[in-house]
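*Asks:* Just data06.cif, nothing more (mmCIF, C-alpha atoms and all ligand atoms):
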```
data_final
#
loop_
_atom_site.group_PDB
_atom_site.id
_atom_site.type_symbol
_atom_site.label_atom_id
_atom_site.label_comp_id
_atom_site.auth_asym_id
_atom_site.auth_seq_id
_atom_site.Cartn_x
_atom_site.Cartn_y
_atom_site.Cartn_z
ATOM 1 C CA MET A 1 -71.338 -91.272 -48.597
ATOM 2 C CA THR A 2 -71.905 -92.027 -44.854
ATOM 3 C CA ARG A 3 -68.326 -91.034 -44.108
ATOM 4 C CA THR A 4 -68.837 -87.649 -45.836
ATOM 5 C CA LYS A 5 -72.033 -87.101 -43.823
ATOM 6 C CA THR A 6 -70.217 -87.842 -40.563
ATOM 7 C CA SER A 7 -67.362 -85.552 -41.404
ATOM 8 C CA ASP A 8 -69.841 -82.833 -42.440
ATOM 9 C CA SER A 9 -71.617 -83.006 -39.106
ATOM 10 C CA ARG A 10 -68.268 -82.953 -37.299
ATOM 11 C CA THR A 11 -67.212 -79.859 -39.225
ATOM 12 C CA GLN A 12 -70.555 -78.295 -38.358
ATOM 13 C CA LYS A 13 -70.107 -79.112 -34.653
ATOM 14 C CA ILE A 14 -66.584 -77.692 -34.683
ATOM 15 C CA GLY A 15 -67.953 -74.572 -36.388
ATOM 16 C CA VAL A 16 -70.615 -74.132 -33.670
ATOM 17 C CA LEU A 17 -68.073 -74.683 -30.911
ATOM 18 C CA LYS A 18 -65.704 -72.193 -32.529
ATOM 19 C CA THR A 19 -68.427 -69.567 -32.719
ATOM 20 C CA LYS A 20 -69.349 -70.184 -29.088
ATOM 21 C CA LEU A 21 -65.696 -69.914 -28.076
ATOM 22 C CA GLU A 22 -65.319 -66.679 -30.011
ATOM 23 C CA GLU A 23 -68.415 -65.278 -28.316
ATOM 24 C CA LYS A 24 -67.066 -66.248 -24.907
ATOM 25 C CA GLU A 25 -63.688 -64.728 -25.744
ATOM 26 C CA ALA A 26 -65.320 -61.463 -26.812
ATOM 27 C CA LYS A 27 -67.360 -61.423 -23.585
ATOM 28 C CA LEU A 28 -64.261 -62.062 -21.503
ATOM 29 C CA LYS A 29 -62.388 -59.269 -23.259
ATOM 30 C CA LYS A 30 -65.307 -56.920 -22.586
ATOM 31 C CA THR A 31 -65.359 -57.870 -18.910
ATOM 32 C CA GLN A 32 -61.581 -57.429 -18.658
ATOM 33 C CA LYS A 33 -61.880 -54.021 -20.274
ATOM 34 C CA SER A 34 -64.561 -52.848 -17.867
ATOM 35 C CA LEU A 35 -62.608 -54.261 -14.903
ATOM 36 C CA LYS A 36 -59.531 -52.341 -16.043
ATOM 37 C CA LYS A 37 -61.644 -49.197 -16.353
ATOM 38 C CA LEU A 38 -63.072 -49.702 -12.863
ATOM 39 C CA GLN A 39 -59.555 -50.239 -11.505
ATOM 40 C CA GLU A 40 -58.399 -47.029 -13.182
ATOM 41 C CA GLN A 41 -61.392 -45.111 -11.793
ATOM 42 C CA LYS A 42 -60.698 -46.475 -8.304
ATOM 43 C CA ASP A 43 -57.001 -45.481 -8.526
ATOM 44 C CA GLU A 44 -57.989 -42.075 -9.834
ATOM 45 C CA PHE A 45 -60.462 -41.576 -6.999
ATOM 46 C CA ILE A 46 -57.971 -42.641 -4.307
ATOM 47 C CA SER A 47 -55.333 -40.414 -5.837
ATOM 48 C CA MET A 48 -57.682 -37.425 -6.034
ATOM 49 C CA ALA A 49 -59.001 -37.913 -2.500
ATOM 50 C CA ALA A 50 -55.479 -38.349 -1.126
ATOM 51 C CA HIS A 51 -54.235 -35.211 -2.927
ATOM 52 C CA GLU A 52 -57.167 -33.162 -1.646
ATOM 53 C CA LEU A 53 -56.523 -34.357 1.908
ATOM 54 C CA ARG A 54 -52.765 -33.876 1.856
ATOM 55 C CA ALA A 55 -52.719 -30.102 1.348
ATOM 56 C CA PRO A 56 -54.994 -29.171 4.307
ATOM 57 C CA MET A 57 -53.311 -31.770 6.539
ATOM 58 C CA THR A 58 -49.897 -30.323 5.712
ATOM 59 C CA ALA A 59 -51.221 -26.836 6.511
ATOM 60 C CA ILE A 60 -52.594 -28.015 9.882
ATOM 61 C CA LYS A 61 -49.243 -29.654 10.665
ATOM 62 C CA GLY A 62 -47.484 -26.393 9.713
ATOM 63 C CA TYR A 63 -49.644 -24.308 12.067
ATOM 64 C CA ILE A 64 -49.099 -26.771 14.906
ATOM 65 C CA SER A 65 -45.321 -26.552 14.407
ATOM 66 C CA MET A 66 -45.475 -22.744 14.341
ATOM 67 C CA ILE A 67 -47.367 -22.592 17.653
ATOM 68 C CA LEU A 68 -44.936 -25.103 19.196
ATOM 69 C CA GLN A 69 -42.007 -22.972 18.046
ATOM 70 C CA GLY A 70 -43.505 -19.963 19.869
ATOM 71 C CA ASP A 71 -44.756 -18.003 16.838
ATOM 72 C CA ALA A 72 -48.095 -17.423 18.577
ATOM 73 C CA GLY A 73 -46.563 -16.434 21.911
ATOM 74 C CA LYS A 74 -46.175 -18.346 25.136
ATOM 75 C CA ILE A 75 -48.348 -21.411 25.664
ATOM 76 C CA SER A 76 -48.946 -23.535 28.749
ATOM 77 C CA GLU A 77 -47.216 -26.905 29.206
ATOM 78 C CA LYS A 78 -50.606 -28.583 28.987
ATOM 79 C CA ALA A 79 -51.365 -26.927 25.643
ATOM 80 C CA ARG A 80 -47.873 -27.843 24.406
ATOM 81 C CA GLY A 81 -48.541 -31.495 25.253
ATOM 82 C CA TYR A 82 -51.823 -31.516 23.363
ATOM 83 C CA LEU A 83 -50.191 -29.852 20.371
ATOM 84 C CA VAL A 84 -47.379 -32.435 20.306
ATOM 85 C CA ASP A 85 -50.061 -35.156 20.192
ATOM 86 C CA ALA A 86 -51.931 -33.326 17.445
ATOM 87 C CA GLY A 87 -48.665 -32.920 15.495
ATOM 88 C CA ALA A 88 -47.906 -36.646 15.793
ATOM 89 C CA ILE A 89 -51.399 -37.572 14.632
ATOM 90 C CA SER A 90 -51.181 -35.237 11.634
ATOM 91 C CA ASP A 91 -47.760 -36.739 10.788
ATOM 92 C CA ARG A 92 -49.383 -40.180 10.762
ATOM 93 C CA ILE A 93 -52.251 -39.060 8.566
ATOM 94 C CA ILE A 94 -49.824 -37.383 6.130
ATOM 95 C CA ARG A 95 -47.720 -40.592 6.038
ATOM 96 C CA LEU A 96 -50.844 -42.657 5.457
ATOM 97 C CA ILE A 97 -51.931 -40.360 2.597
ATOM 98 C CA ASN A 98 -48.437 -40.520 1.060
ATOM 99 C CA ASN A 99 -48.507 -44.315 1.284
ATOM 100 C CA MET A 100 -51.855 -44.387 -0.521
ATOM 101 C CA LEU A 101 -50.520 -42.082 -3.226
ATOM 102 C CA ASN A 102 -47.221 -43.908 -3.643
ATOM 103 C CA VAL A 103 -48.154 -47.567 -3.488
ATOM 104 C CA SER A 104 -49.217 -48.134 -7.092
ATOM 105 C CA ARG A 105 -46.384 -45.945 -8.422
ATOM 106 C CA ILE A 106 -43.848 -48.055 -6.534
ATOM 107 C CA GLU A 107 -45.530 -51.361 -7.439
ATOM 108 C CA GLU A 108 -45.712 -50.535 -11.118
ATOM 109 C CA GLY A 109 -42.176 -49.141 -11.289
ATOM 110 C CA ARG A 110 -43.432 -45.619 -12.055
ATOM 111 C CA ALA A 111 -41.854 -44.043 -8.952
ATOM 112 C CA ILE A 112 -38.899 -41.741 -9.526
ATOM 113 C CA TYR A 113 -35.849 -42.327 -7.340
ATOM 114 C CA ARG A 114 -33.148 -39.720 -6.759
ATOM 115 C CA VAL A 115 -30.422 -42.132 -5.782
ATOM 116 C CA LYS A 116 -27.175 -40.872 -4.275
ATOM 117 C CA ARG A 117 -24.538 -41.707 -1.705
ATOM 118 C CA VAL A 118 -25.838 -40.919 1.782
ATOM 119 C CA SER A 119 -24.985 -41.571 5.403
ATOM 120 C CA LEU A 120 -27.590 -43.924 6.876
ATOM 121 C CA SER A 121 -26.843 -42.667 10.408
ATOM 122 C CA GLU A 122 -27.570 -39.094 9.353
ATOM 123 C CA VAL A 123 -30.895 -40.013 7.759
ATOM 124 C CA ALA A 124 -31.816 -42.088 10.822
ATOM 125 C CA LYS A 125 -30.762 -39.327 13.239
ATOM 126 C CA GLU A 126 -33.076 -36.860 11.466
ATOM 127 C CA ALA A 127 -35.941 -39.347 11.740
ATOM 128 C CA PHE A 128 -35.078 -39.888 15.425
ATOM 129 C CA ASN A 129 -35.096 -36.146 16.160
ATOM 130 C CA HIS A 130 -38.403 -35.756 14.358
ATOM 131 C CA SER A 131 -40.114 -38.323 16.627
ATOM 132 C CA LYS A 132 -38.465 -37.321 19.913
ATOM 133 C CA LEU A 133 -41.344 -35.237 21.272
ATOM 134 C CA GLU A 134 -43.915 -37.894 20.437
ATOM 135 C CA ALA A 135 -41.948 -40.604 22.268
ATOM 136 C CA GLU A 136 -41.357 -38.299 25.257
ATOM 137 C CA ARG A 137 -45.023 -37.439 25.376
ATOM 138 C CA LYS A 138 -45.866 -41.143 25.577
ATOM 139 C CA GLY A 139 -43.399 -41.511 28.438
ATOM 140 C CA LEU A 140 -41.158 -43.891 26.474
ATOM 141 C CA GLY A 141 -37.399 -44.090 26.711
ATOM 142 C CA PHE A 142 -36.071 -43.099 23.277
ATOM 143 C CA ASN A 143 -32.507 -43.971 22.316
ATOM 144 C CA PHE A 144 -30.230 -43.632 19.325
ATOM 145 C CA VAL A 145 -27.139 -45.822 19.289
ATOM 146 C CA VAL A 146 -24.536 -45.905 16.519
ATOM 147 C CA GLN A 147 -21.576 -48.279 16.540
ATOM 148 C CA PRO A 148 -18.472 -46.031 16.792
ATOM 149 C CA ASN A 149 -16.324 -45.399 13.699
ATOM 150 C CA ILE A 150 -18.721 -47.213 11.467
ATOM 151 C CA GLU A 151 -18.759 -46.881 7.678
ATOM 152 C CA ASP A 152 -22.345 -45.987 6.879
ATOM 153 C CA SER A 153 -22.555 -44.846 3.241
ATOM 154 C CA VAL A 154 -25.379 -46.358 1.259
ATOM 155 C CA PHE A 155 -26.488 -45.684 -2.307
ATOM 156 C CA VAL A 156 -30.195 -44.868 -2.022
ATOM 157 C CA ASP A 157 -32.843 -42.206 -2.451
ATOM 158 C CA PRO A 158 -32.519 -40.475 0.962
ATOM 159 C CA GLU A 159 -36.159 -39.371 0.997
ATOM 160 C CA ARG A 160 -37.384 -42.921 0.451
ATOM 161 C CA ILE A 161 -35.098 -44.358 3.108
ATOM 162 C CA ARG A 162 -36.237 -41.623 5.472
ATOM 163 C CA GLU A 163 -39.819 -42.741 4.756
ATOM 164 C CA VAL A 164 -38.883 -46.321 5.677
ATOM 165 C CA VAL A 165 -37.139 -45.308 8.915
ATOM 166 C CA ASP A 166 -40.022 -42.931 9.783
ATOM 167 C CA ASN A 167 -42.511 -45.755 9.233
ATOM 168 C CA LEU A 168 -40.605 -48.150 11.498
ATOM 169 C CA ILE A 169 -40.090 -45.566 14.255
ATOM 170 C CA SER A 170 -43.681 -44.374 14.030
ATOM 171 C CA ASN A 171 -44.967 -47.979 14.343
ATOM 172 C CA ALA A 172 -42.668 -48.670 17.296
ATOM 173 C CA ILE A 173 -43.967 -45.602 19.160
ATOM 174 C CA LYS A 174 -47.561 -46.215 18.089
ATOM 175 C CA TYR A 175 -47.698 -49.814 19.287
ATOM 176 C CA THR A 176 -45.569 -49.431 22.454
ATOM 177 C CA ASN A 177 -47.303 -48.191 25.582
ATOM 178 C CA GLN A 178 -44.563 -48.808 28.116
ATOM 179 C CA GLY A 179 -40.800 -49.074 28.101
ATOM 180 C CA SER A 180 -38.627 -47.836 25.283
ATOM 181 C CA VAL A 181 -37.825 -47.544 21.602
ATOM 182 C CA THR A 182 -34.203 -47.814 20.491
ATOM 183 C CA ILE A 183 -32.742 -47.117 17.071
ATOM 184 C CA LYS A 184 -29.498 -48.962 16.593
ATOM 185 C CA ILE A 185 -27.032 -48.819 13.709
ATOM 186 C CA GLY A 186 -24.233 -51.304 13.285
ATOM 187 C CA LYS A 187 -22.377 -53.435 10.804
ATOM 188 C CA ALA A 188 -24.236 -56.542 9.551
ATOM 189 C CA ASP A 189 -21.232 -58.062 7.823
ATOM 190 C CA LYS A 190 -18.325 -56.589 5.899
ATOM 191 C CA ASP A 191 -20.520 -55.351 3.030
ATOM 192 C CA LYS A 192 -23.726 -54.474 4.799
ATOM 193 C CA ILE A 193 -25.052 -52.021 7.338
ATOM 194 C CA ARG A 194 -27.938 -52.819 9.658
ATOM 195 C CA LEU A 195 -30.482 -50.485 11.215
ATOM 196 C CA GLU A 196 -32.740 -51.822 13.957
ATOM 197 C CA VAL A 197 -35.808 -50.297 15.555
ATOM 198 C CA ILE A 198 -36.274 -52.138 18.825
ATOM 199 C CA ASP A 199 -39.331 -51.682 21.010
ATOM 200 C CA THR A 200 -40.790 -53.103 24.204
ATOM 201 C CA GLY A 201 -44.312 -53.200 22.766
ATOM 202 C CA PRO A 202 -46.768 -56.083 22.350
ATOM 203 C CA GLY A 203 -44.590 -58.073 19.956
ATOM 204 C CA VAL A 204 -45.877 -60.146 17.050
ATOM 205 C CA SER A 205 -46.607 -63.888 17.088
ATOM 206 C CA GLU A 206 -44.636 -66.158 14.775
ATOM 207 C CA LYS A 207 -47.759 -66.860 12.723
ATOM 208 C CA GLU A 208 -48.483 -63.149 12.165
ATOM 209 C CA GLN A 209 -44.833 -62.329 11.425
ATOM 210 C CA LYS A 210 -45.094 -64.224 8.133
ATOM 211 C CA LYS A 211 -47.977 -62.025 6.955
ATOM 212 C CA LEU A 212 -46.882 -58.639 8.269
ATOM 213 C CA PHE A 213 -45.170 -57.349 5.119
ATOM 214 C CA ARG A 214 -48.177 -58.186 2.904
ATOM 215 C CA LYS A 215 -50.270 -55.431 1.393
ATOM 216 C CA PHE A 216 -53.040 -54.180 3.744
ATOM 217 C CA TYR A 217 -52.170 -56.717 6.440
ATOM 218 C CA ARG A 218 -52.871 -55.582 9.999
ATOM 219 C CA VAL A 219 -52.762 -57.712 13.112
ATOM 220 C CA LYS A 220 -56.408 -58.135 14.218
ATOM 221 C CA ILE A 221 -56.037 -56.780 17.754
ATOM 222 C CA THR A 222 -54.615 -53.486 16.431
ATOM 223 C CA VAL A 223 -57.413 -52.821 13.935
ATOM 224 C CA GLY A 224 -59.733 -50.110 15.190
ATOM 225 C CA LYS A 225 -57.381 -49.108 18.004
ATOM 226 C CA THR A 226 -54.752 -47.274 15.965
ATOM 227 C CA ILE A 227 -54.699 -45.245 12.760
ATOM 228 C CA GLY A 228 -53.409 -47.383 9.910
ATOM 229 C CA THR A 229 -53.955 -49.093 6.587
ATOM 230 C CA GLY A 230 -51.505 -51.987 6.637
ATOM 231 C CA LEU A 231 -49.612 -50.368 3.759
ATOM 232 C CA GLY A 232 -46.591 -49.091 5.719
ATOM 233 C CA LEU A 233 -44.544 -52.269 6.061
ATOM 234 C CA TYR A 234 -45.500 -53.433 2.568
ATOM 235 C CA ILE A 235 -44.111 -50.180 1.113
ATOM 236 C CA CYS A 236 -41.014 -50.416 3.345
ATOM 237 C CA LYS A 237 -40.318 -53.863 1.890
ATOM 238 C CA LEU A 238 -40.799 -52.711 -1.722
ATOM 239 C CA LEU A 239 -38.465 -49.745 -1.164
ATOM 240 C CA ILE A 240 -35.738 -51.618 0.710
ATOM 241 C CA GLU A 241 -35.701 -54.337 -1.959
ATOM 242 C CA ARG A 242 -35.561 -51.643 -4.640
ATOM 243 C CA PHE A 243 -32.240 -50.563 -3.048
ATOM 244 C CA ASN A 244 -30.973 -54.171 -2.916
ATOM 245 C CA GLY A 245 -31.559 -54.478 0.810
ATOM 246 C CA VAL A 246 -33.482 -56.780 3.092
ATOM 247 C CA ILE A 247 -36.097 -56.008 5.744
ATOM 248 C CA GLY A 248 -37.124 -58.339 8.546
ATOM 249 C CA LEU A 249 -38.460 -58.730 12.024
ATOM 250 C CA GLU A 250 -37.448 -60.561 15.162
ATOM 251 C CA SER A 251 -40.182 -60.696 17.739
ATOM 252 C CA GLU A 252 -41.923 -62.711 20.383
ATOM 253 C CA LEU A 253 -45.476 -62.104 21.533
ATOM 254 C CA GLY A 254 -45.436 -60.021 24.722
ATOM 255 C CA LYS A 255 -41.718 -59.339 24.443
ATOM 256 C CA GLY A 256 -41.387 -56.489 21.980
ATOM 257 C CA SER A 257 -40.170 -56.324 18.404
ATOM 258 C CA ASN A 258 -36.999 -55.660 16.482
ATOM 259 C CA PHE A 259 -37.731 -54.462 12.948
ATOM 260 C CA TRP A 260 -34.476 -54.311 10.982
ATOM 261 C CA ILE A 261 -33.195 -53.356 7.570
ATOM 262 C CA GLU A 262 -29.885 -54.251 5.956
ATOM 263 C CA LEU A 263 -28.455 -52.309 3.049
ATOM 264 C CA PRO A 264 -25.304 -52.864 0.985
ATOM 265 C CA LEU A 265 -22.495 -50.504 1.971
ATOM 266 C CA GLU A 266 -21.342 -48.084 -0.699
ATOM 267 C CA LYS A 267 -17.556 -48.279 -0.758
ATOM 268 C CA GLU A 268 -15.311 -45.192 -1.024
ATOM 269 C CA GLY A 269 -14.990 -44.216 -4.678
ATOM 270 C CA GLY A 270 -18.257 -45.964 -5.598
ATOM 271 C CA SER A 271 -20.710 -44.192 -7.905
HETATM 272 P P1 LIG B 301 -50.357 -49.959 9.943
HETATM 273 O O1 LIG B 301 -49.471 -49.558 11.074
HETATM 274 O O2 LIG B 301 -50.838 -48.838 9.120
HETATM 275 O O3 LIG B 301 -51.438 -50.901 10.371
HETATM 276 P P2 LIG B 301 -48.064 -51.368 8.857
HETATM 277 O O4 LIG B 301 -47.941 -52.019 7.527
HETATM 278 O O5 LIG B 301 -47.081 -50.328 9.214
HETATM 279 O O6 LIG B 301 -49.523 -50.815 8.885
HETATM 280 O O7 LIG B 301 -48.038 -52.494 9.953
HETATM 281 C C1 LIG B 301 -48.798 -53.678 9.757
HETATM 282 C C2 LIG B 301 -49.192 -54.285 11.093
HETATM 283 O O8 LIG B 301 -48.023 -54.759 11.756
HETATM 284 C C3 LIG B 301 -49.810 -53.301 12.076
HETATM 285 O O9 LIG B 301 -51.189 -53.192 11.883
HETATM 286 C C4 LIG B 301 -49.475 -53.901 13.421
HETATM 287 O O10 LIG B 301 -50.449 -54.848 13.748
HETATM 288 C C5 LIG B 301 -48.174 -54.627 13.153
HETATM 289 N N1 LIG B 301 -46.992 -53.873 13.662
HETATM 290 C C6 LIG B 301 -46.208 -53.026 12.964
HETATM 291 N N2 LIG B 301 -45.227 -52.529 13.727
HETATM 292 C C7 LIG B 301 -45.387 -53.086 14.953
HETATM 293 C C8 LIG B 301 -44.681 -52.980 16.188
HETATM 294 N N3 LIG B 301 -43.602 -52.197 16.329
HETATM 295 N N4 LIG B 301 -45.126 -53.733 17.244
HETATM 296 C C9 LIG B 301 -46.209 -54.531 17.127
HETATM 297 N N5 LIG B 301 -46.922 -54.674 15.970
HETATM 298 C C10 LIG B 301 -46.528 -53.956 14.910
#
```
For this file, write the structure as structure tokens.

*Replies:*
Amino acid sequence: MTRTKTSDSRTQKIGVLKTKLEEKEAKLKKTQKSLKKLQEQKDEFISMAAHELRAPMTAIKGYISMILQGDAGKISEKARGYLVDAGAISDRIIRLINNMLNVSRIEEGRAIYRVKRVSLSEVAKEAFNHSKLEAERKGLGFNFVVQPNIEDSVFVDPERIREVVDNLISNAIKYTNQGSVTIKIGKADKDKIRLEVIDTGPGVSEKEQKKLFRKFYRVKITVGKTIGTGLGLYICKLLIERFNGVIGLESELGKGSNFWIELPLEKEGGS
């Protein structure tokens, strides 16, 4: 009789606990659902805002290029200088907007890649030419060095790799106030090609180097002084790894930086 009573009360207790647990579970599910909804609304808002900003920014960049190319007649050297600066700033804003639009697509594997065999030197040379005026305007030496007779075919989406190289070059120019920026292409080992963007800028301490490729990470002293979100290097890393490559940095505070990527070489006859 006593035993039955005890087991009854135990069953009752278990029943109460089970109900409580179920209630908690339901509450948790509800919270998760509303968090997911908030996340979706945030993504939607960022995406909408970025889209709305991209079109006018691209138009502004287009007009600047037209004036620089002489479509509006002759302009003074001073005006040309200002326009080059304005063009570089609009390039940065467009890159920043693209990064905001692309990050979740890349993270979640929703990005579409048009992968083909391309010459890394050609992609890098285009990026180099694109940034020439900006580097000149800042008074920096700007060099492009390719190891002679090098095999340089890689199997990648050229637009994405261009984005990576643009990001690295743009950072090098942005953070370097004196000296030079050099883009160097050479063999890493028999199966890999290496591209380096070397600058004589402020460099990055060993402690910060470990955090640099994290999402939204920016070195404290640069925040507020330069346009940026801390997404650039994070996206570069995601993209380079997507193409089976590696990205890294060699740097010493006060002695400049060498941001490098290595990609597997695509052999003759490869797909
Ligand atoms: P952003 O430039 O938008 O801040 P990035 O992800 O491209 O974001 O870079 C992250 C941080 O790394 C920058 O905020 C800057 O502090 C540092 N950094 C990047 N490139 C360089 C460089 N060439 N020299 C010195 N610091 C750099």

*Asks:* At a cut-off of 9 Å and counting all atoms listed in the file, what residues surround ligand LIG 301 (chain B)? Please answer as a PyMOL selection string.

*Replies:* chain A and resi 92+96+167-176+197-204+208-209+211-223+226-236+251+253+256-259

*Asks:* Set the distance at 10 Å and use all atoms listed in the file: which residues neighbour segment 179-190 of chain A once local chain neighbours fewer than 4 positions away are removed? I'd like the list as number ranges by chain.

*Replies:* A: 120-121, 124-125, 127-128, 135-136, 138-152, 165, 168-169, 172-173, 194-201, 256-265

*Asks:* Using all atoms listed in the file, collect all residues at a distance of at most 12 Å from (-53.5, -31.7, 5.4) as written in the file, then present them as a VMD selection string.

*Replies:* chain A and resid 49 to 64 87 89 to 98

*Asks:* Could you please determine the separation between atom CA of Asn129 of chain A and atom CA of Arg80 of chain A in Å, to one decimal place?

*Replies:*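 These two atoms are separated by 17.3 Å.
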
*Asks:* For the atom pair atom CA of Lys74 of chain A and atom CA of His130 of chain A, what is the interatomic distance in Å to one decimal place?

*Replies:*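 Atom CA of Lys74 of chain A sits 21.9 Å away from atom CA of His130 of chain A.
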
*Asks:* Residues at most 9 Å from Lys116 of chain A, counting all atoms listed in the file, excluding those fewer than 4 positions away in the same chain, as a list in words?

*Replies:*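 The residues that qualify are Val154, Phe155, Val156, Asp157, Pro158 and Ser271 of chain A.
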
*Asks:* Can you work out the spacing between atom CA of Arg162 of chain A and atom CA of Tyr113 of chain A in Å, to one decimal?

*Replies:*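 Separation between atom CA of Arg162 of chain A and atom CA of Tyr113 of chain A: 12.8 Å.
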
*Asks:* Applying 10 Å and only C-alpha atoms, which residues near Ser104 of chain A remain after dropping the ones on its own chain fewer than 4 positions away? List them as a ChimeraX atom specification.

*Replies:* /A:43,47,99-100,108-111,235

*Asks:* Smallest atom-to-atom distance to Arg160 of chain A: which of A:Leu28, A:Ile14, A:Val115, A:Ile67, using only C-alpha atoms?

*Replies:*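 Closest residue, counting only C-alpha atoms: A:Val115.
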
*Asks:* Between A:Lys5, A:Lys37, A:Lys237, A:Lys255, which is the closest to Val164 of chain A once you count all atoms listed in the file?

*Replies:*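 Selected residue with least distance to Val164 of chain A: A:Lys237.
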
*Asks:* Measuring between all atoms listed in the file, which one of A:Glu163, A:Glu266, A:Glu134, A:Glu250 shows the shortest distance to Ile193 of chain A?

*Replies:* A:Glu266

*Asks:* Determine the axis-aligned bounding box of all atoms of segment 17-32 of chain A present in the file, pad each side by 8 Å, and express its centre and edge lengths in Å to one decimal place as AutoDock Vina command-line options.

*Replies:*
```
--center_x -65.5 --center_y -65.8 --center_z -25.7 --size_x 23.8 --size_y 33.8 --size_z 30.1
```
